[in-house]
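Asker: Provided herewith is a single structure, encoded as structure tokens, for subsequent inquiry.
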Amino acid sequence: MGEPLRVRIDQELCTGDGLCVQYAPEVFEFDVDGLAYVKNGAAGDLLTAPGAFADVPDALRDDVIAAAKECPGACIYVQRAYDGLPVAGPDAP
């Protein structure tokens, strides 16, 4: 178990490819617009507000990081929950 993470998707960059949904369907889901969004882990509700972050369940850390690294739209941002340091995605070192 590592540091708590959170994730968001920039829908402006989302290609609708669906790799994220394949990697972690508990965290990512398509909406009616064909774009992927993050989900609230407890309730499973789509977070459709621009820039909305969802907590990453510990068991899905590797899947969410892999989704961010493989995303063709480079639109998945994973960061540490407590300080916002990028872990994976376009802003990650």
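In the structure tokens, chains take the letters A, B, ... in the order shown, each chain's residues start at 1, and ligands count up from 1 in the order shown.
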Write down as a ChimeraX atom specification the residues of chain A whose backbone DSSP state falls under strand (DSSP E).
Answerer: /A:5-9,28-30,36-39,46-47,54-56,76-80,86-88
Asker: Could you pull the residues within 9 Å of segment 5-15 of chain A, counting only C-alpha atoms, minus those fewer than 6 positions along the same chain, as JSON, numbers by chain?
Answerer: {"A": [27, 28, 34, 35, 36, 37, 38, 50, 51, 52, 53, 54, 55, 56, 57, 58, 61, 64, 71, 72, 73, 74, 75, 76, 77, 78, 79, 80, 81, 82, 84, 87]}
Asker: DSSP on the backbone: what in chain A comes out alpha helix (DSSP H), as an mmCIF file with N, CA, C and O atoms, in the first residue's frame?
Answerer:
data_model
loop_
_atom_site.group_PDB
_atom_site.id
_atom_site.type_symbol
_atom_site.label_atom_id
_atom_site.label_comp_id
_atom_site.auth_asym_id
_atom_site.auth_seq_id
_atom_site.Cartn_x
_atom_site.Cartn_y
_atom_site.Cartn_z
ATOM 1 N N LEU A 19 -9.294 2.907 -23.154
ATOM 2 C CA LEU A 19 -8.295 2.124 -22.433
ATOM 3 C C LEU A 19 -8.463 2.258 -20.929
ATOM 4 O O LEU A 19 -8.326 1.282 -20.197
ATOM 5 N N CYS A 20 -8.773 3.452 -20.478
ATOM 6 C CA CYS A 20 -8.920 3.658 -19.038
ATOM 7 C C CYS A 20 -10.052 2.812 -18.470
ATOM 8 O O CYS A 20 -9.916 2.215 -17.402
ATOM 9 N N VAL A 21 -11.161 2.737 -19.201
ATOM 10 C CA VAL A 21 -12.303 1.951 -18.746
ATOM 11 C C VAL A 21 -11.943 0.469 -18.709
ATOM 12 O O VAL A 21 -12.372 -0.261 -17.822
ATOM 13 N N GLN A 22 -11.121 0.031 -19.650
ATOM 14 C CA GLN A 22 -10.666 -1.360 -19.651
ATOM 15 C C GLN A 22 -9.735 -1.637 -18.477
ATOM 16 O O GLN A 22 -9.821 -2.690 -17.854
ATOM 17 N N TYR A 23 -8.838 -0.711 -18.182
ATOM 18 C CA TYR A 23 -7.894 -0.887 -17.076
ATOM 19 C C TYR A 23 -8.582 -0.872 -15.714
ATOM 20 O O TYR A 23 -8.250 -1.680 -14.849
ATOM 21 N N ARG A 61 -4.419 1.088 -7.737
ATOM 22 C CA ARG A 61 -3.347 2.059 -7.986
ATOM 23 C C ARG A 61 -2.597 1.757 -9.277
ATOM 24 O O ARG A 61 -2.434 2.626 -10.131
ATOM 25 N N ASP A 62 -2.113 0.527 -9.414
ATOM 26 C CA ASP A 62 -1.306 0.164 -10.579
ATOM 27 C C ASP A 62 -2.114 0.265 -11.867
ATOM 28 O O ASP A 62 -1.599 0.700 -12.902
ATOM 29 N N ASP A 63 -3.397 -0.121 -11.825
ATOM 30 C CA ASP A 63 -4.246 -0.054 -13.011
ATOM 31 C C ASP A 63 -4.494 1.391 -13.440
ATOM 32 O O ASP A 63 -4.465 1.704 -14.628
ATOM 33 N N VAL A 64 -4.730 2.272 -12.481
ATOM 34 C CA VAL A 64 -4.976 3.679 -12.794
ATOM 35 C C VAL A 64 -3.703 4.337 -13.341
ATOM 36 O O VAL A 64 -3.750 5.084 -14.316
ATOM 37 N N ILE A 65 -2.571 4.031 -12.747
ATOM 38 C CA ILE A 65 -1.298 4.574 -13.243
ATOM 39 C C ILE A 65 -1.025 4.061 -14.654
ATOM 40 O O ILE A 65 -0.610 4.823 -15.546
ATOM 41 N N ALA A 66 -1.264 2.784 -14.905
ATOM 42 C CA ALA A 66 -1.064 2.214 -16.237
ATOM 43 C C ALA A 66 -1.994 2.876 -17.246
ATOM 44 O O ALA A 66 -1.588 3.179 -18.382
ATOM 45 N N ALA A 67 -3.247 3.119 -16.858
ATOM 46 C CA ALA A 67 -4.191 3.786 -17.749
ATOM 47 C C ALA A 67 -3.685 5.178 -18.127
ATOM 48 O O ALA A 67 -3.763 5.579 -19.292
ATOM 49 N N ALA A 68 -3.156 5.901 -17.155
ATOM 50 C CA ALA A 68 -2.632 7.245 -17.432
ATOM 51 C C ALA A 68 -1.441 7.193 -18.378
ATOM 52 O O ALA A 68 -1.314 8.019 -19.280
ATOM 53 N N LYS A 69 -0.585 6.212 -18.186
ATOM 54 C CA LYS A 69 0.610 6.091 -19.033
ATOM 55 C C LYS A 69 0.264 5.659 -20.455
ATOM 56 O O LYS A 69 0.938 6.051 -21.403
ATOM 57 N N GLU A 70 -0.782 4.862 -20.621
ATOM 58 C CA GLU A 70 -1.153 4.329 -21.933
ATOM 59 C C GLU A 70 -2.180 5.174 -22.681
ATOM 60 O O GLU A 70 -2.400 4.957 -23.873
#
Asker: Record the distance separating atom CA of Pro4 of chain A and atom CA of Ala88 of chain A, expressed in Å with one decimal.
Answerer: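 Answer for the atom CA of Pro4 of chain A to atom CA of Ala88 of chain A separation: 13.4 Å.
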Asker: Which residue is closest to Thr48 of chain A? Choose from A:Leu60, A:Glu26, A:Gly89, A:Asp33 and count only C-alpha atoms.
Answerer: A:Asp33
Asker: What's the separation between atom CA of Asp91 of chain A and atom CA of Asp45 of chain A, in Å to one decimal place?
Answerer: 26.0 Å
Asker: Could you jot down the atom CA of Leu46 of chain A to atom CA of Asp17 of chain A separation for me, Å, one decimal place?
Answerer: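 Atom CA of Leu46 of chain A sits 17.7 Å away from atom CA of Asp17 of chain A.
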Asker: From the options A:Leu85, A:Ala59, A:Ala43, A:Ala92, which residue's atoms come nearest to Ala24 of chain A, counting only C-alpha atoms?
Answerer: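 Of A:Leu85, A:Ala59, A:Ala43, A:Ala92, the one nearest Ala24 of chain A is A:Ala59, counting only C-alpha atoms.
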